[in-house]
Structure formats: structure tokens, C-alpha cells
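Visitor: I'm passing along entry.tsv; it holds TSV, C-alpha atoms and all ligand atoms.
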chain	number	residue	atom	x	y	z
Y	3	MET	CA	0.00	0.00	0.00
Y	4	SER	CA	1.46	3.39	-0.96
Y	5	THR	CA	1.48	6.16	1.64
Y	6	PRO	CA	-0.26	9.39	0.61
Y	7	ALA	CA	2.13	12.27	-0.16
Y	8	LEU	CA	2.51	14.63	2.78
Y	9	ALA	CA	0.92	18.03	2.26
Y	10	ILE	CA	3.42	20.90	2.13
Y	11	GLN	CA	2.84	23.57	4.73
Y	12	LEU	CA	1.08	26.67	3.36
Y	13	SER	CA	1.74	29.67	5.59
Y	14	ASP	CA	-0.77	32.53	6.03
Y	15	ALA	CA	1.58	34.89	4.22
Y	16	GLU	CA	1.92	32.52	1.24
Y	17	MET	CA	-1.84	32.05	1.18
Y	18	ARG	CA	-2.38	35.82	1.08
Y	19	LEU	CA	0.12	36.21	-1.77
Y	20	LEU	CA	-1.53	33.49	-3.84
Y	21	GLN	CA	-5.05	34.72	-3.05
Y	22	ALA	CA	-4.11	38.22	-4.17
Y	23	LEU	CA	-2.51	36.92	-7.36
Y	24	VAL	CA	-5.59	34.88	-8.31
Y	25	TYR	CA	-7.83	37.87	-7.60
Y	26	GLN	CA	-5.67	40.19	-9.67
Y	27	GLU	CA	-5.58	37.72	-12.58
Y	28	CYS	CA	-9.23	36.72	-12.86
Y	29	GLY	CA	-11.35	38.40	-10.19
Y	30	MET	CA	-12.07	35.19	-8.27
Y	31	TYR	CA	-12.16	35.92	-4.55
Y	32	PHE	CA	-11.73	33.20	-1.97
Y	33	ASP	CA	-13.38	34.24	1.26
Y	34	ALA	CA	-13.21	32.23	4.51
Y	35	ARG	CA	-15.86	29.76	3.24
Y	36	ARG	CA	-13.78	28.90	0.15
Y	37	THR	CA	-10.17	29.00	1.36
Y	38	HIS	CA	-10.28	25.26	1.94
Y	39	PHE	CA	-11.03	24.71	-1.76
Y	40	LEU	CA	-8.20	27.07	-2.74
Y	41	GLN	CA	-5.77	25.28	-0.42
Y	42	ASP	CA	-6.73	21.90	-1.82
Y	43	ARG	CA	-6.21	23.01	-5.44
Y	44	LEU	CA	-2.91	24.71	-4.60
Y	45	GLN	CA	-1.62	21.53	-2.96
Y	46	ARG	CA	-2.54	19.58	-6.10
Y	47	ARG	CA	-0.72	22.01	-8.41
Y	48	LEU	CA	2.34	22.04	-6.16
Y	49	ARG	CA	2.49	18.23	-6.35
Y	50	GLU	CA	1.99	18.27	-10.14
Y	51	CYS	CA	4.84	20.77	-10.52
Y	52	ARG	CA	7.00	18.75	-8.09
Y	53	MET	CA	7.79	21.86	-6.07
Y	54	ASP	CA	8.56	21.93	-2.39
Y	55	SER	CA	7.42	25.38	-1.31
Y	56	PHE	CA	4.47	27.63	-2.01
Y	57	TYR	CA	6.68	30.66	-2.11
Y	58	ASN	CA	8.68	29.12	-4.97
Y	59	TYR	CA	5.41	28.19	-6.66
Y	60	TYR	CA	4.25	31.81	-6.33
Y	61	ARG	CA	7.55	32.99	-7.88
Y	62	LEU	CA	7.01	30.60	-10.77
Y	63	LEU	CA	3.48	31.96	-11.32
Y	64	ILE	CA	4.65	35.56	-11.56
Y	65	SER	CA	7.56	34.74	-13.87
Y	66	ALA	CA	7.47	34.79	-17.68
Y	67	GLU	CA	8.01	30.99	-17.76
Y	68	GLY	CA	5.09	30.49	-15.38
Y	69	LYS	CA	2.33	31.80	-17.73
Y	70	GLN	CA	1.17	28.30	-18.63
Y	71	GLU	CA	1.10	27.13	-15.03
Y	72	LEU	CA	-0.86	30.23	-14.06
Y	73	ALA	CA	-3.49	29.38	-16.69
Y	74	GLN	CA	-3.51	25.79	-15.40
Y	75	LEU	CA	-4.01	26.95	-11.82
Y	76	LEU	CA	-6.90	29.24	-12.80
Y	77	GLU	CA	-8.54	26.35	-14.67
Y	78	ASN	CA	-8.27	24.27	-11.52
Y	79	LEU	CA	-9.97	26.99	-9.51
Y	80	THR	CA	-13.01	27.49	-11.71
Y	81	VAL	CA	-16.34	25.86	-10.91
Y	82	ASN	CA	-17.83	24.76	-14.22
Y	83	GLU	CA	-21.22	23.44	-13.17
Y	84	THR	CA	-23.83	24.12	-15.85
Y	85	SER	CA	-26.81	22.56	-17.61
Y	86	PHE	CA	-29.12	22.99	-20.57
Y	87	PHE	CA	-32.19	25.15	-19.85
Y	88	ARG	CA	-30.80	26.20	-16.48
Y	89	ASN	CA	-33.13	28.51	-14.55
Y	90	LYS	CA	-36.31	27.80	-16.47
Y	91	ALA	CA	-38.24	30.81	-15.09
Y	92	GLN	CA	-35.57	33.20	-16.31
Y	93	LEU	CA	-35.39	31.52	-19.72
Y	94	ASP	CA	-39.17	31.83	-20.05
Y	95	LEU	CA	-38.82	35.55	-19.41
Y	96	PHE	CA	-36.01	35.69	-21.98
Y	97	HIS	CA	-37.90	33.69	-24.60
Y	98	LYS	CA	-41.45	34.91	-24.22
Y	99	SER	CA	-40.88	38.51	-23.35
Y	100	ILE	CA	-37.35	39.89	-23.88
Y	101	LEU	CA	-36.60	38.18	-27.19
Y	102	ASP	CA	-40.06	38.86	-28.50
Y	103	ASP	CA	-39.74	42.60	-27.71
Y	104	ILE	CA	-36.21	42.88	-29.13
Y	105	ILE	CA	-37.16	41.08	-32.36
Y	106	ARG	CA	-40.18	43.35	-32.87
Y	107	GLU	CA	-38.18	46.52	-32.06
Y	108	LYS	CA	-35.40	45.49	-34.43
Y	109	GLN	CA	-37.79	44.50	-37.17
Y	110	ALA	CA	-39.44	47.94	-36.94
Y	111	ALA	CA	-36.03	49.64	-37.12
Y	112	GLY	CA	-34.90	47.52	-40.08
Y	113	ASP	CA	-32.07	46.06	-37.99
Y	114	HIS	CA	-31.90	42.29	-38.36
Y	115	TYR	CA	-28.70	41.60	-36.43
Y	116	LEU	CA	-28.93	39.98	-33.02
Y	117	ARG	CA	-25.92	39.44	-30.77
Y	118	ILE	CA	-26.14	37.60	-27.46
Y	119	TRP	CA	-22.99	37.04	-25.41
Y	120	SER	CA	-22.65	34.11	-23.03
Y	121	ALA	CA	-19.90	35.28	-20.66
Y	122	GLY	CA	-18.58	32.43	-18.52
Y	123	CYS	CA	-20.16	29.81	-20.81
Y	124	SER	CA	-18.49	26.70	-19.34
Y	125	THR	CA	-19.04	23.59	-21.53
Y	126	GLY	CA	-21.55	25.27	-23.83
Y	127	GLN	CA	-24.96	24.25	-22.51
Y	128	GLU	CA	-25.88	27.90	-21.85
Y	129	PRO	CA	-25.02	29.38	-25.29
Y	130	TYR	CA	-26.58	26.38	-27.08
Y	131	THR	CA	-29.76	26.76	-25.03
Y	132	VAL	CA	-29.82	30.42	-26.04
Y	133	ALA	CA	-29.27	29.48	-29.71
Y	134	MET	CA	-32.17	27.00	-29.65
Y	135	LEU	CA	-34.50	29.53	-28.04
Y	136	VAL	CA	-33.51	32.24	-30.52
Y	137	ALA	CA	-34.06	29.87	-33.47
Y	138	ASP	CA	-37.53	29.05	-32.11
Y	139	ALA	CA	-38.36	32.72	-31.51
Y	140	LEU	CA	-37.31	33.76	-35.02
Y	141	ALA	CA	-39.24	30.85	-36.59
Y	142	TYR	CA	-42.33	31.94	-34.68
Y	143	HIS	CA	-41.79	35.56	-35.69
Y	144	GLN	CA	-41.50	34.43	-39.32
Y	145	LEU	CA	-44.83	32.61	-39.03
Y	146	ARG	CA	-46.55	35.76	-37.77
Y	147	MET	CA	-44.80	38.12	-40.19
Y	148	PRO	CA	-43.79	36.05	-43.22
Y	149	ASN	CA	-41.04	37.55	-45.29
Y	150	PRO	CA	-42.20	37.14	-48.91
Y	151	GLY	CA	-38.59	36.97	-50.15
Y	152	ALA	CA	-37.69	34.09	-47.86
Y	153	THR	CA	-38.90	30.96	-49.65
Y	154	MET	CA	-35.68	28.98	-49.33
Y	155	TRP	CA	-35.81	25.21	-48.99
Y	156	PRO	CA	-34.66	23.56	-46.83
Y	157	LYS	CA	-35.67	26.31	-44.47
Y	158	PRO	CA	-32.57	27.89	-42.90
Y	159	LEU	CA	-32.36	27.79	-39.11
Y	160	ILE	CA	-32.18	31.58	-38.98
Y	161	PRO	CA	-34.69	33.04	-41.44
Y	162	PRO	CA	-33.16	35.74	-43.67
Y	163	PRO	CA	-32.56	38.63	-43.42
Y	164	TRP	CA	-31.85	37.87	-39.74
Y	165	LYS	CA	-28.28	37.28	-38.62
Y	166	VAL	CA	-27.55	35.88	-35.19
Y	167	GLU	CA	-24.23	35.72	-33.40
Y	168	ILE	CA	-23.72	34.10	-30.01
Y	169	PRO	CA	-20.18	34.61	-28.76
Y	170	ALA	CA	-19.44	32.24	-25.87
Y	171	SER	CA	-16.41	32.93	-23.71
Y	172	ASP	CA	-14.66	31.49	-20.71
Y	173	ILE	CA	-11.33	31.61	-18.93
Y	174	ASN	CA	-10.98	27.81	-18.97
Y	175	TYR	CA	-9.62	26.25	-22.20
Y	176	THR	CA	-10.79	22.74	-21.29
Y	177	VAL	CA	-14.45	23.76	-21.07
Y	178	LEU	CA	-14.13	25.84	-24.25
Y	179	ARG	CA	-12.92	22.75	-26.13
Y	180	ALA	CA	-15.86	20.73	-24.78
Y	181	GLY	CA	-18.24	23.47	-25.92
Y	182	GLN	CA	-16.71	23.47	-29.37
Y	183	GLU	CA	-17.00	19.70	-29.55
Y	184	ALA	CA	-20.69	19.98	-28.57
Y	185	ILE	CA	-21.34	16.34	-27.73
Y	186	TYR	CA	-23.27	15.59	-24.56
Y	187	ASN	CA	-24.07	12.42	-22.65
Y	188	GLU	CA	-27.46	11.27	-21.38
Y	189	HIS	CA	-26.80	12.73	-17.94
Y	190	GLN	CA	-26.02	16.16	-19.41
Y	191	MET	CA	-29.13	15.87	-21.60
Y	192	ALA	CA	-31.48	15.27	-18.65
Y	193	SER	CA	-33.00	18.75	-18.90
Y	194	VAL	CA	-33.49	18.65	-22.69
Y	195	ASP	CA	-36.97	17.52	-23.70
Y	196	TYR	CA	-37.68	15.34	-26.71
Y	197	SER	CA	-38.85	18.12	-28.97
Y	198	TYR	CA	-35.48	19.89	-28.57
Y	199	ARG	CA	-33.54	16.63	-28.88
Y	200	LEU	CA	-35.28	15.87	-32.16
Y	201	ARG	CA	-34.87	19.29	-33.69
Y	202	TYR	CA	-31.45	20.37	-32.55
Y	203	PHE	CA	-29.36	17.25	-31.82
Y	204	ASP	CA	-28.08	14.23	-33.75
Y	205	LYS	CA	-27.73	10.93	-31.89
Y	206	VAL	CA	-24.11	9.73	-32.02
Y	207	GLY	CA	-23.92	6.32	-30.38
Y	208	GLU	CA	-25.08	6.85	-26.81
Y	209	ARG	CA	-24.49	10.60	-26.94
Y	210	TYR	CA	-26.04	13.66	-28.55
Y	211	ALA	CA	-24.27	16.10	-30.87
Y	212	ILE	CA	-25.53	19.63	-31.42
Y	213	LYS	CA	-26.62	20.05	-35.05
Y	214	LYS	CA	-24.27	21.95	-37.34
Y	215	THR	CA	-26.79	24.74	-37.97
Y	216	ILE	CA	-26.90	25.59	-34.24
Y	217	LYS	CA	-23.14	25.16	-33.85
Y	218	GLU	CA	-22.56	27.67	-36.62
Y	219	ILE	CA	-24.07	30.56	-34.70
Y	220	VAL	CA	-22.17	29.93	-31.43
Y	221	HIS	CA	-18.51	30.99	-31.38
Y	222	PHE	CA	-16.31	29.94	-28.49
Y	223	ASP	CA	-13.33	32.04	-27.49
Y	224	PHE	CA	-11.09	32.64	-24.51
Y	225	HIS	CA	-11.97	35.81	-22.64
Y	226	ASN	CA	-11.10	36.87	-19.12
Y	227	LEU	CA	-13.83	39.02	-17.56
Y	228	LYS	CA	-11.21	40.72	-15.44
Y	229	THR	CA	-9.71	42.51	-18.45
Y	230	GLU	CA	-10.91	45.92	-19.57
Y	231	PHE	CA	-11.57	44.76	-23.12
Y	232	VAL	CA	-15.11	43.47	-23.62
Y	233	PRO	CA	-16.82	42.58	-26.92
Y	234	GLN	CA	-19.03	45.50	-27.95
Y	235	ARG	CA	-22.62	46.07	-29.08
Y	236	ASN	CA	-24.38	43.17	-27.46
Y	237	ASP	CA	-28.16	43.08	-27.38
Y	238	ILE	CA	-28.21	40.69	-24.45
Y	239	ILE	CA	-25.55	39.35	-22.08
Y	240	PHE	CA	-25.86	36.14	-20.14
Y	241	CYS	CA	-23.39	36.14	-17.26
Y	242	ARG	CA	-24.89	33.61	-14.91
Y	243	ASN	CA	-23.26	32.01	-11.90
Y	244	VAL	CA	-19.94	33.74	-12.54
Y	245	MET	CA	-20.13	36.98	-10.53
Y	246	MET	CA	-20.84	34.99	-7.38
Y	247	TYR	CA	-17.15	34.04	-7.28
Y	248	PHE	CA	-16.03	37.70	-7.38
Y	249	ASP	CA	-16.01	40.18	-4.51
Y	250	GLU	CA	-18.23	43.26	-4.50
Y	251	ALA	CA	-15.60	45.63	-5.94
Y	252	GLU	CA	-14.98	43.29	-8.87
Y	253	GLN	CA	-18.71	42.73	-9.39
Y	254	LYS	CA	-19.19	46.51	-9.61
Y	255	ARG	CA	-16.42	46.84	-12.18
Y	256	LEU	CA	-17.86	43.99	-14.22
Y	257	VAL	CA	-21.37	45.39	-14.23
Y	258	GLU	CA	-19.98	48.76	-15.39
Y	259	LYS	CA	-18.20	47.01	-18.26
Y	260	PHE	CA	-21.36	45.13	-19.20
Y	261	HIS	CA	-23.27	48.40	-19.23
Y	262	ARG	CA	-20.74	49.91	-21.62
Y	263	CYS	CA	-20.86	46.99	-24.04
Y	264	LEU	CA	-24.64	46.60	-24.19
Y	265	ARG	CA	-26.72	48.41	-26.77
Y	266	PRO	CA	-29.06	50.99	-25.24
Y	267	GLY	CA	-32.01	49.12	-23.74
Y	268	GLY	CA	-30.09	45.82	-23.83
Y	269	TYR	CA	-30.46	43.16	-21.16
Y	270	LEU	CA	-28.15	41.52	-18.64
Y	271	LEU	CA	-29.14	38.15	-17.20
Y	272	VAL	CA	-27.35	36.99	-14.05
Y	273	GLY	CA	-27.65	33.78	-12.03
Y	274	HIS	CA	-30.48	32.80	-9.72
Y	275	ALA	CA	-28.38	33.53	-6.61
Y	276	GLU	CA	-26.94	36.78	-8.01
Y	277	SER	CA	-28.34	40.30	-8.15
Y	278	LEU	CA	-27.34	43.81	-9.19
Y	279	LEU	CA	-28.78	45.24	-5.98
Y	280	GLY	CA	-26.28	47.67	-4.48
Y	281	LEU	CA	-23.90	47.33	-7.43
Y	282	THR	CA	-25.30	49.85	-9.91
Y	283	ASN	CA	-28.20	52.15	-10.71
Y	284	LYS	CA	-27.73	51.83	-14.46
Y	285	PHE	CA	-30.07	48.86	-14.84
Y	286	THR	CA	-33.72	48.29	-14.03
Y	287	MET	CA	-34.93	44.90	-12.89
Y	288	VAL	CA	-37.50	43.18	-15.08
Y	289	TYR	CA	-39.55	40.45	-13.42
Y	290	ARG	CA	-42.04	37.92	-14.67
Y	291	ASP	CA	-43.26	34.68	-13.06
Y	292	SER	CA	-40.15	34.33	-10.87
Y	293	GLY	CA	-37.77	35.05	-13.76
Y	294	THR	CA	-35.57	38.14	-13.52
Y	295	ALA	CA	-33.36	40.14	-15.88
Y	296	TYR	CA	-31.86	43.65	-15.88
Y	297	ARG	CA	-32.47	46.24	-18.57
Y	298	SER	CA	-29.83	48.85	-19.28
Y	299	ASN	CA	-31.54	52.17	-18.64
Y	300	GLU	CA	-29.01	54.71	-19.88
Y	301	VAL	CA	-27.57	55.47	-23.24
Y	302	PRO	CA	-23.92	54.36	-23.14
Y	303	GLN	CA	-21.38	57.06	-23.94
Y	401	LIG	C1	-20.56	27.93	-12.67
Y	401	LIG	S1	-20.02	28.16	-14.33
Y	401	LIG	C2	-21.46	28.91	-15.03
Y	401	LIG	C3	-21.76	28.43	-16.42
Y	401	LIG	C4	-23.03	29.00	-17.04
Y	401	LIG	N1	-22.93	30.45	-17.16
Y	401	LIG	C5	-24.23	28.63	-16.25
Y	401	LIG	O1	-24.78	29.45	-15.50
Y	401	LIG	O2	-24.67	27.47	-16.35
Y	401	LIG	C6	-18.92	29.58	-14.16
Y	401	LIG	C7	-17.99	29.74	-15.34
Y	401	LIG	O3	-17.36	31.03	-15.26
Y	401	LIG	C8	-16.02	30.90	-15.70
Y	401	LIG	N2	-15.21	32.02	-15.17
Y	401	LIG	C9	-14.77	32.22	-13.91
Y	401	LIG	N3	-14.03	33.33	-13.83
Y	401	LIG	C10	-13.99	33.85	-15.07
Y	401	LIG	C11	-13.36	35.00	-15.64
Y	401	LIG	N4	-12.62	35.83	-14.91
Y	401	LIG	N5	-13.52	35.23	-16.97
Y	401	LIG	C12	-14.27	34.39	-17.72
Y	401	LIG	N6	-14.88	33.29	-17.24
Y	401	LIG	C13	-14.74	33.02	-15.94
Y	401	LIG	C14	-15.59	29.54	-15.18
Y	401	LIG	O4	-14.48	29.01	-15.88
Y	401	LIG	C15	-16.87	28.71	-15.35
Y	401	LIG	O5	-16.87	27.98	-16.55
Could you spell out this file's structure in C-alpha cells?

Guide:
Amino acid sequence: MSTPALAIQLSDAEMRLLQALVYQECGMYFDARRTHFLQDRLQRRLRECRMDSFYNYYRLLISAEGKQELAQLLENLTVNETSFFRNKAQLDLFHKSILDDIIREKQAAGDHYLRIWSAGCSTGQEPYTVAMLVADALAYHQLRMPNPGATMWPKPLIPPPWKVEIPASDINYTVLRAGQEAIYNEHQMASVDYSYRLRYFDKVGERYAIKKTIKEIVHFDFHNLKTEFVPQRNDIIFCRNVMMYFDEAEQKRLVEKFHRCLRPGGYLLVGHAESLLGLTNKFTMVYRDSGTAYRSNEVPQ
């Protein structure tokens, strides 16, 4: 029987250094309730790197040669839990009210471009859920207001002249690759009903692959929400279950950035356990049947 490797001592000072570095790099804040998790992941990385002190590990992380290990550490610290159709009440609000309004407003303005950013997309279930709901909403809109020019067969997923883009970003390369691959097992499919499975997935052995037409409108890319650069001119931003890992100062900065990169009157959707209360007065809460969203209520400069 092999004896488990002894844990290397992590002093309070080393812990503070590493905590501050993680916060500075990606905004994740480990309060007293989560330091145990941070300690556990740091021990694992130290063992993987075959190092014998946390101070030396810290020095590696801040060095030019340590860039890859820093990315690896951040990946180990992210919580990637997600699912298709997560937070049904909020998605009903999005589908039946927000999307419907935006599509009608855009149609009236002759603007047929829709851009919805999934920030902190994990393995892709969120942006693909959004893509399926948008495809349904546009098909329904087309039924009510048929476009005489659009008689293409087979019917395209996104009826012309509409163009839809769903950028999906994360700080974790492993989840981004899984999102790009877009193949899900039965367990991950538990929340996808048969009508969606039939229309938007192909069965591949025991698993389900997202159809090419849906895949084509979702674009995965690395993006760190801590950075000042944010993709511009979004109609809607989904940033759900991400801010909860940041402290209040970082949440405020993030919400400001979201406000700047949303079109006037655009929407921000945050997680069930998250809220903009006390963070900003630039959004107004929209509420329907237990689903909530925030509407940007100022014209961005
Ligand atoms: C709990 S998952 C949420 C996934 C999805 N939004 C949902 O609600 O189902 C949080 C995701 O945020 C990502 N994340 C954490 N910090 C981030 C940062 N600074 N920039 C971008 N993504 C980040 C994590 O890698 C993780 O995949």
C-alpha cells in the first residue's frame, strides 16, 4: 500500500500572496468559506509541478516561464457546473418577453442583427440553449410576419434577413474545447426535452451532438472578464453564476463594463443567486413569473 504524499505547509503569508494573485488575474475571490477549496487546489498544483514550497510556486506563477502554469491553476480553480435550460423561469422571461420585444423593435427599425454574449459559458450548454430559443423565436416571428422573399428550402435555421451571433467565452480552455465539440451524454441531456432533442441534436452512439446549424451561430473564445476589453454592441448578455465568485468591488467593475458593451435598452441576465442590488443604478430589474433580468436604462457614452 502506498502512503499518501505529505501536504506541504502553506503559511498565512503565502496564502495571502496566492489569493491576491488569483484575484488580480481573474477576479475570483476566496473568502473564509472557500479558502479550503483554494488550499486543496494549490496543494494539487504544487504536487503536479514537483515543487517543495508555495513561495517558490508563487515565484514561478509571476515569472514569464510560469504563464502556462498560471493558466492551469486558474482552470483548476473554476467551478464549471452548468446545464441545458438552467433557470427555467428566467429563460421563459427571456424567450417569451425579452426576445419577442427585441425582435419586434429590431424588425421595426430595419435592424436584423442579433448578438447575445454568453460570458462564462463553461461547456456550452448555456449558449446552445440560447441558440435553440432564438431559433424558435425567429421561426415563430417568421410565421406571424412572413417575409415574402424568404422561400428557401430547406428552411434555414435563422430566417433571412436575420443574422444571429452568439459569442461564448470562458477563462478555462478545457471547457471551451468541450463546448466546441458539442457532444453531450445522457446525464447532461437530462433537462433537454424530446422536442429539442429531435430538432437540434443528432444521436451519435449513446451521446447527442448539437446540429451543425446551431453550432454555426455559437462561437467559443477565450476571454477573461477581469480585463478591460469586452466585446461591444451586445443586445443581451448572459453572465450567470460567474459573478458569485467575485467580490463586491470586482462585481461593480464587471457590471460597469457590461453596461458599456450593451446596446441601449439591452439586457443583462445573471444567475439565480446573483443580483445587481447595491452594485449599480444603471439597470432596471425586469420580473415575470419568478424570472428576472436587468435592462440597461441609460444610453452608453
Ligand atoms: C458555474 S459556471 C457557469 C456556467 C453558465 N454560465 C451557467 O450558469 O450554467 C462559471 C464559469 O465562469 C467561468 N469564469 C470564472 N471566472 C472567469 C473570468 N474571470 N472570466 C471568464 N470566465 C470566468 C468559469 O471558468 C466557469 O466555466

Visitor: Using only C-alpha atoms and all ligand atoms, which residues have at least one atom no more than 8 Å from ligand LIG 401 (chain Y)? Output them as number ranges by chain.

Guide: Y: 27-30, 77, 80-86, 88, 120-128, 171-174, 177, 224-228, 240-245, 247, 273

Visitor: Rank nothing, just name the residue among Y:Arg43, Y:Arg179, Y:His143, Y:Arg201 nearest to Gln74 (chain Y), using only C-alpha atoms.

Guide: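 Closest candidate: Y:Arg43.
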
Visitor: Just the residues within 7 Å of region 59-64 of chain Y, please, counting all atoms listed in the file, with nothing from its chain fewer than 5 positions along; format it as a PyMOL selection string.

Guide: chain Y and resi 20+48+53+69+71-72

Visitor: Could you turn the residues from that selection into a file that holds C-alpha atoms, as a compact mmCIF listing (two decimals), in the frame of the given file?

Guide:
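Just written: selection.txt:
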# COMPACT_ATOMS: atom_id res chain seq x y z
CA LEU Y 20 -1.53 33.49 -3.84
CA LEU Y 48 2.34 22.04 -6.16
CA MET Y 53 7.79 21.86 -6.07
CA LYS Y 69 2.33 31.80 -17.73
CA GLU Y 71 1.10 27.13 -15.03
CA LEU Y 72 -0.86 30.23 -14.06

Visitor: Between CA of His38 (chain Y) and CA of Leu79 (chain Y), what is the distance in Å, rounded to a tenth?

Guide: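 Pair CA of His38 (chain Y) / CA of Leu79 (chain Y) returns 11.6 Å.
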
Visitor: Step by step: start from the point (-19.8, 26.0, -33.6) in the file's coordinates, keep every protein, DNA or RNA residue that has an atom no farther than 12 Å from it, count all atoms listed in the file, and write the set as number ranges by chain.

Guide: Y: 126, 129-130, 133, 167-170, 178-185, 211-223

Visitor: Measuring atom to atom with only C-alpha atoms, identify which of Y:Val132, Y:Ala111, Y:Leu159, Y:Ile105 is nearest to Met147 (chain Y).

Guide: Y:Ile105

Visitor: Could you check the closest approach to Asp42 (chain Y) for each of Y:Ile100, Y:Val257, Y:Leu75, Y:Leu135 and tell me which residue wins, using only C-alpha atoms?

Guide: Y:Leu75

Visitor: Mind giving me the straight-line distance from CA of Phe260 (chain Y) to CA of Asp237 (chain Y) in Å, one decimal?

Guide: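 One can read the CA of Phe260 (chain Y) to CA of Asp237 (chain Y) distance as 10.8 Å.
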
Visitor: Restricting the calculation to all atoms listed in the file, which member of Y:Tyr115, Y:Tyr289, Y:Phe87, Y:Tyr142 is positioned closest to Tyr198 (chain Y)?

Guide: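 Among the listed residues, Y:Phe87 lies closest to Tyr198 (chain Y).
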
Visitor: Just checking: using all atoms listed in the file, which residue out of Y:Leu19, Y:Gln26, Y:Gln11, Y:Leu95 ends up closest to Asp54 (chain Y)?

Guide: Y:Gln11

Visitor: Which residues are close to Leu278 (chain Y), i.e. within 10 Å by all atoms listed in the file, leaving aside same-chain residues fewer than 3 positions away? Reply as a VMD selection string.

Guide: chain Y and resid 253 to 254 257 270 to 272 281 to 287 295 to 296

Visitor: How about completing region 6-18 of chain Y with N, CA and C atoms and giving it to me as a PDB file, in the frame of the given file?

Guide:
ATOM      1  N   PRO Y   6       0.067   8.151   1.295  1.00  0.00           N
ATOM      2  CA  PRO Y   6      -0.260   9.390   0.610  1.00  0.00           C
ATOM      3  C   PRO Y   6       0.836  10.443   0.798  1.00  0.00           C
ATOM      4  N   ALA Y   7       1.087  11.244  -0.253  1.00  0.00           N
ATOM      5  CA  ALA Y   7       2.130  12.270  -0.160  1.00  0.00           C
ATOM      6  C   ALA Y   7       1.766  13.269   0.926  1.00  0.00           C
ATOM      7  N   LEU Y   8       2.767  13.662   1.703  1.00  0.00           N
ATOM      8  CA  LEU Y   8       2.510  14.630   2.780  1.00  0.00           C
ATOM      9  C   LEU Y   8       2.237  16.000   2.183  1.00  0.00           C
ATOM     10  N   ALA Y   9       1.234  16.698   2.754  1.00  0.00           N
ATOM     11  CA  ALA Y   9       0.920  18.030   2.260  1.00  0.00           C
ATOM     12  C   ALA Y   9       2.013  19.005   2.696  1.00  0.00           C
ATOM     13  N   ILE Y  10       2.414  19.883   1.783  1.00  0.00           N
ATOM     14  CA  ILE Y  10       3.420  20.900   2.130  1.00  0.00           C
ATOM     15  C   ILE Y  10       2.722  22.015   2.903  1.00  0.00           C
ATOM     16  N   GLN Y  11       3.409  22.514   3.904  1.00  0.00           N
ATOM     17  CA  GLN Y  11       2.840  23.570   4.730  1.00  0.00           C
ATOM     18  C   GLN Y  11       2.597  24.852   3.910  1.00  0.00           C
ATOM     19  N   LEU Y  12       1.402  25.402   4.036  1.00  0.00           N
ATOM     20  CA  LEU Y  12       1.080  26.670   3.360  1.00  0.00           C
ATOM     21  C   LEU Y  12       0.898  27.734   4.433  1.00  0.00           C
ATOM     22  N   SER Y  13       1.825  28.668   4.524  1.00  0.00           N
ATOM     23  CA  SER Y  13       1.740  29.670   5.590  1.00  0.00           C
ATOM     24  C   SER Y  13       0.666  30.714   5.249  1.00  0.00           C
ATOM     25  N   ASP Y  14       0.243  31.478   6.250  1.00  0.00           N
ATOM     26  CA  ASP Y  14      -0.770  32.530   6.030  1.00  0.00           C
ATOM     27  C   ASP Y  14      -0.265  33.544   5.015  1.00  0.00           C
ATOM     28  N   ALA Y  15       1.025  33.872   5.128  1.00  0.00           N
ATOM     29  CA  ALA Y  15       1.580  34.890   4.220  1.00  0.00           C
ATOM     30  C   ALA Y  15       1.568  34.368   2.778  1.00  0.00           C
ATOM     31  N   GLU Y  16       1.935  33.101   2.592  1.00  0.00           N
ATOM     32  CA  GLU Y  16       1.920  32.520   1.240  1.00  0.00           C
ATOM     33  C   GLU Y  16       0.489  32.485   0.699  1.00  0.00           C
ATOM     34  N   MET Y  17      -0.423  32.118   1.584  1.00  0.00           N
ATOM     35  CA  MET Y  17      -1.840  32.050   1.180  1.00  0.00           C
ATOM     36  C   MET Y  17      -2.312  33.421   0.701  1.00  0.00           C
ATOM     37  N   ARG Y  18      -1.951  34.460   1.460  1.00  0.00           N
ATOM     38  CA  ARG Y  18      -2.380  35.820   1.080  1.00  0.00           C
ATOM     39  C   ARG Y  18      -1.797  36.222  -0.271  1.00  0.00           C
TER      40      ARG Y  18
END
